[in-house]
>>> print(open('start-v4.pdb').read())   # PDB, C-alpha atoms
ATOM      1  CA  MET C  67      91.164 124.655 374.409  1.00  0.00           C
ATOM      2  CA  GLY C  68      91.473 128.215 375.798  1.00  0.00           C
ATOM      3  CA  ALA C  69      89.415 127.314 378.874  1.00  0.00           C
ATOM      4  CA  PHE C  70      91.629 124.281 379.510  1.00  0.00           C
ATOM      5  CA  ILE C  71      94.801 126.381 379.346  1.00  0.00           C
ATOM      6  CA  MET C  72      93.241 129.018 381.603  1.00  0.00           C
ATOM      7  CA  GLY C  73      92.202 126.340 384.109  1.00  0.00           C
ATOM      8  CA  LEU C  74      95.615 124.694 384.025  1.00  0.00           C
ATOM      9  CA  SER C  75      97.265 128.083 384.517  1.00  0.00           C
ATOM     10  CA  LEU C  76      95.123 128.766 387.580  1.00  0.00           C
ATOM     11  CA  VAL C  77      95.925 125.357 389.066  1.00  0.00           C
ATOM     12  CA  LEU C  78      99.658 125.874 388.492  1.00  0.00           C
ATOM     13  CA  LEU C  79      99.530 129.366 389.989  1.00  0.00           C
ATOM     14  CA  TYR C  80      97.689 128.010 393.031  1.00  0.00           C
ATOM     15  CA  GLN C  81     100.261 125.224 393.466  1.00  0.00           C
ATOM     16  CA  TYR C  82     103.138 127.691 393.138  1.00  0.00           C
ATOM     17  CA  GLN C  83     101.612 130.053 395.706  1.00  0.00           C
ATOM     18  CA  LYS C  84     100.848 127.206 398.106  1.00  0.00           C
ATOM     19  CA  TYR C  85     104.170 125.391 397.967  1.00  0.00           C
ATOM     20  CA  ARG C  86     106.819 127.865 396.766  1.00  0.00           C
ATOM     21  CA  VAL C  87     105.914 131.216 398.362  1.00  0.00           C
ATOM     22  CA  ALA C  88     106.646 131.638 402.065  1.00  0.00           C
ATOM     23  CA  PRO C  89     103.501 132.555 403.958  1.00  0.00           C
ATOM     24  CA  THR C  90     103.318 135.779 405.922  1.00  0.00           C
ATOM     25  CA  VAL C  91     103.361 134.641 409.539  1.00  0.00           C
ATOM     26  CA  ASP C  92     103.747 136.843 412.607  1.00  0.00           C
ATOM     27  CA  ILE C  93     106.206 134.481 414.243  1.00  0.00           C
ATOM     28  CA  PHE C  94     106.498 136.671 417.347  1.00  0.00           C
ATOM     29  CA  LYS C  95     102.834 136.063 418.172  1.00  0.00           C
ATOM     30  CA  LEU C  96     102.995 132.260 418.032  1.00  0.00           C
ATOM     31  CA  SER C  97     103.190 129.989 421.093  1.00  0.00           C
ATOM     32  CA  TYR C  98     106.302 127.867 421.531  1.00  0.00           C
ATOM     33  CA  ILE C  99     107.832 125.468 424.017  1.00  0.00           C
ATOM     34  CA  ASP C 100     111.537 124.687 424.235  1.00  0.00           C
ATOM     35  CA  THR C 101     113.078 121.218 424.384  1.00  0.00           C
ATOM     36  CA  ALA C 102     112.776 121.248 428.188  1.00  0.00           C
ATOM     37  CA  GLY C 103     109.004 121.699 427.836  1.00  0.00           C
ATOM     38  CA  ARG C 104     109.012 125.313 429.041  1.00  0.00           C
ATOM     39  CA  PRO C 105     107.137 128.117 427.273  1.00  0.00           C
ATOM     40  CA  PHE C 106     109.464 130.158 425.074  1.00  0.00           C
ATOM     41  CA  ASN C 107     108.775 133.773 424.178  1.00  0.00           C
ATOM     42  CA  LEU C 108     110.351 134.636 420.831  1.00  0.00           C
ATOM     43  CA  GLU C 109     110.118 138.301 421.832  1.00  0.00           C
ATOM     44  CA  SER C 110     113.116 137.562 424.089  1.00  0.00           C
ATOM     45  CA  LEU C 111     115.242 137.478 420.916  1.00  0.00           C
ATOM     46  CA  LYS C 112     114.168 140.889 419.650  1.00  0.00           C
ATOM     47  CA  GLY C 113     117.207 143.051 419.170  1.00  0.00           C
ATOM     48  CA  LYS C 114     119.099 140.107 417.684  1.00  0.00           C
ATOM     49  CA  LYS C 115     119.459 138.956 414.103  1.00  0.00           C
ATOM     50  CA  ILE C 116     117.580 135.701 413.597  1.00  0.00           C
ATOM     51  CA  ILE C 117     117.512 132.908 411.056  1.00  0.00           C
ATOM     52  CA  TYR C 118     114.129 131.277 411.655  1.00  0.00           C
ATOM     53  CA  SER C 119     113.282 127.972 410.018  1.00  0.00           C
ATOM     54  CA  PHE C 120     110.180 125.802 409.971  1.00  0.00           C
ATOM     55  CA  PHE C 121     111.581 122.270 409.668  1.00  0.00           C
ATOM     56  CA  GLY C 122     110.877 118.581 410.198  1.00  0.00           C
ATOM     57  CA  THR C 123     113.180 115.963 411.675  1.00  0.00           C
ATOM     58  CA  TRP C 124     112.139 113.647 408.821  1.00  0.00           C
ATOM     59  CA  CYS C 125     112.865 116.214 406.075  1.00  0.00           C
ATOM     60  CA  GLY C 126     116.141 115.455 404.292  1.00  0.00           C
ATOM     61  CA  GLU C 127     116.417 118.944 402.822  1.00  0.00           C
ATOM     62  CA  CYS C 128     115.873 120.448 406.293  1.00  0.00           C
ATOM     63  CA  VAL C 129     118.510 118.235 407.906  1.00  0.00           C
ATOM     64  CA  MET C 130     121.044 119.036 405.163  1.00  0.00           C
ATOM     65  CA  GLU C 131     120.394 122.763 405.515  1.00  0.00           C
ATOM     66  CA  LEU C 132     120.845 122.683 409.302  1.00  0.00           C
ATOM     67  CA  LYS C 133     124.123 120.793 408.909  1.00  0.00           C
ATOM     68  CA  GLN C 134     125.405 123.441 406.474  1.00  0.00           C
ATOM     69  CA  LEU C 135     124.195 126.247 408.721  1.00  0.00           C
ATOM     70  CA  ASN C 136     125.972 124.675 411.693  1.00  0.00           C
ATOM     71  CA  GLU C 137     129.208 124.451 409.682  1.00  0.00           C
ATOM     72  CA  THR C 138     128.797 128.079 408.596  1.00  0.00           C
ATOM     73  CA  LYS C 139     128.268 129.216 412.193  1.00  0.00           C
ATOM     74  CA  HIS C 140     131.213 127.051 413.326  1.00  0.00           C
ATOM     75  CA  LYS C 141     133.505 128.796 410.802  1.00  0.00           C
ATOM     76  CA  ASN C 142     132.440 132.015 412.530  1.00  0.00           C
ATOM     77  CA  ASN C 143     130.451 133.265 409.579  1.00  0.00           C
ATOM     78  CA  LEU C 144     127.298 134.947 410.897  1.00  0.00           C
ATOM     79  CA  PRO C 145     128.616 134.932 414.495  1.00  0.00           C
ATOM     80  CA  ASP C 146     126.003 137.378 415.815  1.00  0.00           C
ATOM     81  CA  VAL C 147     122.991 135.521 414.422  1.00  0.00           C
ATOM     82  CA  GLU C 148     120.584 133.399 416.463  1.00  0.00           C
ATOM     83  CA  VAL C 149     119.232 130.314 414.713  1.00  0.00           C
ATOM     84  CA  VAL C 150     115.695 129.309 415.679  1.00  0.00           C
ATOM     85  CA  VAL C 151     114.435 125.961 414.402  1.00  0.00           C
ATOM     86  CA  VAL C 152     110.707 125.278 414.757  1.00  0.00           C
ATOM     87  CA  SER C 153     108.750 122.063 414.275  1.00  0.00           C
ATOM     88  CA  ASP C 154     105.172 120.953 414.767  1.00  0.00           C
ATOM     89  CA  GLU C 155     106.287 117.397 415.571  1.00  0.00           C
ATOM     90  CA  SER C 156     106.181 115.875 419.047  1.00  0.00           C
ATOM     91  CA  LEU C 157     108.443 117.382 421.670  1.00  0.00           C
ATOM     92  CA  GLU C 158     110.170 113.998 422.046  1.00  0.00           C
ATOM     93  CA  LYS C 159     111.158 113.933 418.348  1.00  0.00           C
ATOM     94  CA  ILE C 160     112.404 117.521 418.406  1.00  0.00           C
ATOM     95  CA  LYS C 161     114.336 116.996 421.641  1.00  0.00           C
ATOM     96  CA  GLY C 162     115.885 113.740 420.372  1.00  0.00           C
ATOM     97  CA  PHE C 163     116.957 115.407 417.123  1.00  0.00           C
ATOM     98  CA  ALA C 164     118.430 118.399 418.967  1.00  0.00           C
ATOM     99  CA  GLN C 165     120.369 116.120 421.336  1.00  0.00           C
ATOM    100  CA  ARG C 166     121.736 113.923 418.513  1.00  0.00           C
ATOM    101  CA  LYS C 167     122.858 116.873 416.391  1.00  0.00           C
ATOM    102  CA  ASN C 168     124.055 119.082 419.251  1.00  0.00           C
ATOM    103  CA  TYR C 169     123.792 122.209 417.105  1.00  0.00           C
ATOM    104  CA  PRO C 170     124.000 125.595 418.879  1.00  0.00           C
ATOM    105  CA  PHE C 171     120.467 126.450 417.783  1.00  0.00           C
ATOM    106  CA  THR C 172     117.241 127.134 419.632  1.00  0.00           C
ATOM    107  CA  PHE C 173     114.890 124.228 418.877  1.00  0.00           C
ATOM    108  CA  LEU C 174     111.220 124.926 419.535  1.00  0.00           C
ATOM    109  CA  LYS C 175     107.886 123.169 419.224  1.00  0.00           C
ATOM    110  CA  ILE C 176     104.987 125.183 417.926  1.00  0.00           C
ATOM    111  CA  ASP C 177     101.524 124.624 419.396  1.00  0.00           C
ATOM    112  CA  LYS C 178      99.676 124.141 416.099  1.00  0.00           C
ATOM    113  CA  PRO C 179     100.165 122.274 412.834  1.00  0.00           C
ATOM    114  CA  PHE C 180     102.166 124.090 410.161  1.00  0.00           C
ATOM    115  CA  SER C 181      99.181 123.847 407.811  1.00  0.00           C
ATOM    116  CA  ASP C 182      97.205 126.148 410.153  1.00  0.00           C
ATOM    117  CA  LEU C 183      99.835 128.814 409.404  1.00  0.00           C
ATOM    118  CA  GLY C 184      99.822 128.254 405.648  1.00  0.00           C
ATOM    119  CA  VAL C 185     103.145 126.401 405.794  1.00  0.00           C
ATOM    120  CA  ASN C 186     102.578 123.642 403.234  1.00  0.00           C
ATOM    121  CA  ALA C 187     106.185 122.753 402.370  1.00  0.00           C
ATOM    122  CA  ILE C 188     109.369 122.781 404.428  1.00  0.00           C
ATOM    123  CA  PRO C 189     111.881 124.092 405.098  1.00  0.00           C
ATOM    124  CA  VAL C 190     110.639 127.654 405.159  1.00  0.00           C
ATOM    125  CA  ASN C 191     113.239 130.228 406.148  1.00  0.00           C
ATOM    126  CA  TYR C 192     112.888 133.779 407.380  1.00  0.00           C
ATOM    127  CA  LEU C 193     115.735 136.225 407.929  1.00  0.00           C
ATOM    128  CA  ILE C 194     114.906 138.736 410.642  1.00  0.00           C
ATOM    129  CA  ASN C 195     116.835 141.899 411.425  1.00  0.00           C
ATOM    130  CA  ALA C 196     117.516 143.295 414.905  1.00  0.00           C
ATOM    131  CA  ALA C 197     114.352 145.412 414.683  1.00  0.00           C
ATOM    132  CA  GLY C 198     112.299 142.207 414.473  1.00  0.00           C
ATOM    133  CA  GLU C 199     111.390 142.684 410.809  1.00  0.00           C
ATOM    134  CA  VAL C 200     111.297 139.797 408.355  1.00  0.00           C
ATOM    135  CA  THR C 201     113.555 141.010 405.557  1.00  0.00           C
ATOM    136  CA  TYR C 202     113.739 137.830 403.492  1.00  0.00           C
ATOM    137  CA  SER C 203     111.733 134.628 403.224  1.00  0.00           C
ATOM    138  CA  LYS C 204     112.053 131.490 401.153  1.00  0.00           C
ATOM    139  CA  VAL C 205     110.433 128.095 400.816  1.00  0.00           C
ATOM    140  CA  GLY C 206     113.170 125.506 400.379  1.00  0.00           C
ATOM    141  CA  ALA C 207     116.639 125.119 401.777  1.00  0.00           C
ATOM    142  CA  LEU C 208     119.247 127.825 401.563  1.00  0.00           C
ATOM    143  CA  ASN C 209     122.711 126.632 400.531  1.00  0.00           C
ATOM    144  CA  TRP C 210     124.821 127.855 403.451  1.00  0.00           C
ATOM    145  CA  LYS C 211     128.002 126.655 401.716  1.00  0.00           C
ATOM    146  CA  ASP C 212     127.462 129.345 399.072  1.00  0.00           C
ATOM    147  CA  ASN C 213     129.104 132.670 399.976  1.00  0.00           C
ATOM    148  CA  SER C 214     126.410 134.534 398.053  1.00  0.00           C
ATOM    149  CA  VAL C 215     123.796 133.123 400.457  1.00  0.00           C
ATOM    150  CA  ILE C 216     125.856 134.290 403.429  1.00  0.00           C
ATOM    151  CA  SER C 217     126.188 137.728 401.812  1.00  0.00           C
ATOM    152  CA  LEU C 218     122.437 137.789 401.158  1.00  0.00           C
ATOM    153  CA  ALA C 219     121.760 136.914 404.807  1.00  0.00           C
ATOM    154  CA  GLU C 220     124.146 139.573 406.103  1.00  0.00           C
ATOM    155  CA  ALA C 221     122.608 142.224 403.843  1.00  0.00           C
ATOM    156  CA  ALA C 222     119.034 141.212 404.645  1.00  0.00           C
ATOM    157  CA  MET C 223     119.559 141.228 408.390  1.00  0.00           C
ATOM    158  CA  LYS C 224     121.473 144.530 408.323  1.00  0.00           C
ATOM    159  CA  GLN C 225     118.392 146.449 407.231  1.00  0.00           C
TER
END
>>> encode(input="start-v4.pdb", output="structure tokens")
Amino acid sequence: MGAFIMGLSLVLLYQYQKYRVAPTVDIFKLSYIDTAGRPFNLESLKGKKIIYSFFGTWCGECVMELKQLNETKHKNNLPDVEVVVVSDESLEKIKGFAQRKNYPFTFLKIDKPFSDLGVNAIPVNYLINAAGEVTYSKVGALNWKDNSVISLAEAAMKQ
């Protein structure tokens, strides 16, 4: 019985690590293209505060989170923050989504599957300060209607 519990514990720990802990990814070293099909250098945003999200156009939680984030930005909360939304889907899907939603975000396609980066569940969010340091990461949507999340983002990106 002890071996079974130990085995089950290891499986659960593995699952938690794989699906609920944001992987460490050097997002500034990845290759991107924008919705016009041009290469995009994320280094061009260094010096700015960034909310960076791995997302999918098919992911309900991702779509809901982007809608809330757009409303939050529209209310002028987090006015000095760039939002970068990254997908591994086809450029046509990303571009179509970006055009339909018309959010003031930077939508990018990454050149490799998320799984190659250790991204096994989406959305995955990273808050990045002006020095280009990831100060917070989370697998799963952030509730941008919650003032405590906005406060957390402001504090994390101030560092």
>>> residues_around(input="start-v4.pdb", residues="C:Ser97", least_positions_apart="6", cutoff="9 Å", atoms="all atoms listed in the file", output="list in words")
Pro105, Phe106, Asn107, Leu108, Lys175, Ile176, Asp177 and Lys178 of chain C
>>> closest_residue(input="start-v4.pdb", among="C:Asp212, C:Ser181, C:Gly162, C:Val147", to="C:Lys115", atoms="all atoms listed in the file")
C:Val147
>>> closest_residue(input="start-v4.pdb", among="C:Tyr169, C:Phe180, C:Trp124, C:Phe94", to="C:Ser110", atoms="all atoms listed in the file")
C:Phe94
>>> closest_atom_pairs(input="start-v4.pdb", of="stretch 140-181 of chain C", to="stretch 213-221 of chain C", cutoff="12 Å", atoms="all atoms listed in the file", output="Markdown table")
| residue | atom | partner | partner_atom | distance |
| --- | --- | --- | --- | --- |
| C:Lys141 | CA | C:Ile216 | CA | 12.0 |
| C:Asn142 | CA | C:Ile216 | CA | 11.5 |
| C:Asn143 | CA | C:Ile216 | CA | 7.7 |
| C:Leu144 | CA | C:Glu220 | CA | 7.4 |
| C:Pro145 | CA | C:Glu220 | CA | 10.6 |
| C:Asp146 | CA | C:Glu220 | CA | 10.1 |
| C:Val147 | CA | C:Glu220 | CA | 9.3 |
>>> residues_around(input="start-v4.pdb", residues="C:Ala207", least_positions_apart="6", cutoff="7 Å", atoms="all atoms listed in the file", output="JSON list (two decimals) with C-alpha atoms, in the frame of the given file")
[["chain", "number", "residue", "atom", "x", "y", "z"],
["C", 127, "GLU", "CA", 116.42, 118.94, 402.82],
["C", 128, "CYS", "CA", 115.87, 120.45, 406.29],
["C", 131, "GLU", "CA", 120.39, 122.76, 405.52],
["C", 189, "PRO", "CA", 111.88, 124.09, 405.10]]
>>> residues_around(input="start-v4.pdb", residues="C:Val91", least_positions_apart="3", cutoff="12 Å", atoms="only C-alpha atoms", output="list in words")
Val87, Ala88, Phe94, Lys95, Leu96, Tyr118, Ser119, Phe120, Phe180, Ser181, Asp182, Leu183, Gly184, Val185, Val190, Asn191, Tyr192, Glu199, Val200 and Ser203 of chain C
>>> atom_distance(input="start-v4.pdb", atom1="atom CA of C:Asn209", atom2="atom CA of C:Gln134")
7.3 Å
>>> residues_around(input="start-v4.pdb", residues="C:Leu111", least_positions_apart="6", cutoff="9 Å", atoms="all atoms listed in the file", output="PyMOL selection string")
chain C and resi 148+196+198
>>> build_atoms(input="start-v4.pdb", residues="stretch 132-143 of chain C", atoms="N, CA, C and O atoms", output="mmCIF file, in the frame of the given file")
data_model
loop_
_atom_site.group_PDB
_atom_site.id
_atom_site.type_symbol
_atom_site.label_atom_id
_atom_site.label_comp_id
_atom_site.auth_asym_id
_atom_site.auth_seq_id
_atom_site.Cartn_x
_atom_site.Cartn_y
_atom_site.Cartn_z
ATOM 1 N N LEU C 132 120.384 122.421 407.934
ATOM 2 C CA LEU C 132 120.845 122.683 409.302
ATOM 3 C C LEU C 132 122.305 122.288 409.477
ATOM 4 O O LEU C 132 123.061 122.974 410.171
ATOM 5 N N LYS C 133 122.717 121.201 408.846
ATOM 6 C CA LYS C 133 124.123 120.793 408.909
ATOM 7 C C LYS C 133 125.015 121.871 408.294
ATOM 8 O O LYS C 133 126.031 122.257 408.878
ATOM 9 N N GLN C 134 124.624 122.379 407.123
ATOM 10 C CA GLN C 134 125.405 123.441 406.474
ATOM 11 C C GLN C 134 125.414 124.706 407.319
ATOM 12 O O GLN C 134 126.449 125.372 407.448
ATOM 13 N N LEU C 135 124.283 125.043 407.890
ATOM 14 C CA LEU C 135 124.195 126.247 408.721
ATOM 15 C C LEU C 135 125.073 126.099 409.962
ATOM 16 O O LEU C 135 125.750 127.049 410.368
ATOM 17 N N ASN C 136 125.102 124.918 410.549
ATOM 18 C CA ASN C 136 125.972 124.675 411.693
ATOM 19 C C ASN C 136 127.440 124.845 411.300
ATOM 20 O O ASN C 136 128.221 125.469 412.032
ATOM 21 N N GLU C 137 127.829 124.298 410.153
ATOM 22 C CA GLU C 137 129.208 124.451 409.682
ATOM 23 C C GLU C 137 129.548 125.919 409.433
ATOM 24 O O GLU C 137 130.642 126.382 409.761
ATOM 25 N N THR C 138 128.600 126.651 408.865
ATOM 26 C CA THR C 138 128.797 128.079 408.596
ATOM 27 C C THR C 138 128.975 128.843 409.901
ATOM 28 O O THR C 138 129.876 129.675 410.024
ATOM 29 N N LYS C 139 128.139 128.557 410.881
ATOM 30 C CA LYS C 139 128.268 129.216 412.193
ATOM 31 C C LYS C 139 129.587 128.820 412.846
ATOM 32 O O LYS C 139 130.250 129.646 413.465
ATOM 33 N N HIS C 140 129.983 127.548 412.713
ATOM 34 C CA HIS C 140 131.213 127.051 413.326
ATOM 35 C C HIS C 140 132.444 127.755 412.744
ATOM 36 O O HIS C 140 133.419 127.998 413.452
ATOM 37 N N LYS C 141 132.394 128.087 411.449
ATOM 38 C CA LYS C 141 133.505 128.796 410.802
ATOM 39 C C LYS C 141 133.522 130.267 411.194
ATOM 40 O O LYS C 141 134.341 131.033 410.717
ATOM 41 N N ASN C 142 132.584 130.647 412.042
ATOM 42 C CA ASN C 142 132.440 132.015 412.530
ATOM 43 C C ASN C 142 131.885 132.971 411.480
ATOM 44 O O ASN C 142 132.054 134.174 411.586
ATOM 45 N N ASN C 143 131.248 132.425 410.466
ATOM 46 C CA ASN C 143 130.451 133.265 409.579
ATOM 47 C C ASN C 143 129.117 133.457 410.291
ATOM 48 O O ASN C 143 128.622 132.535 410.938
#
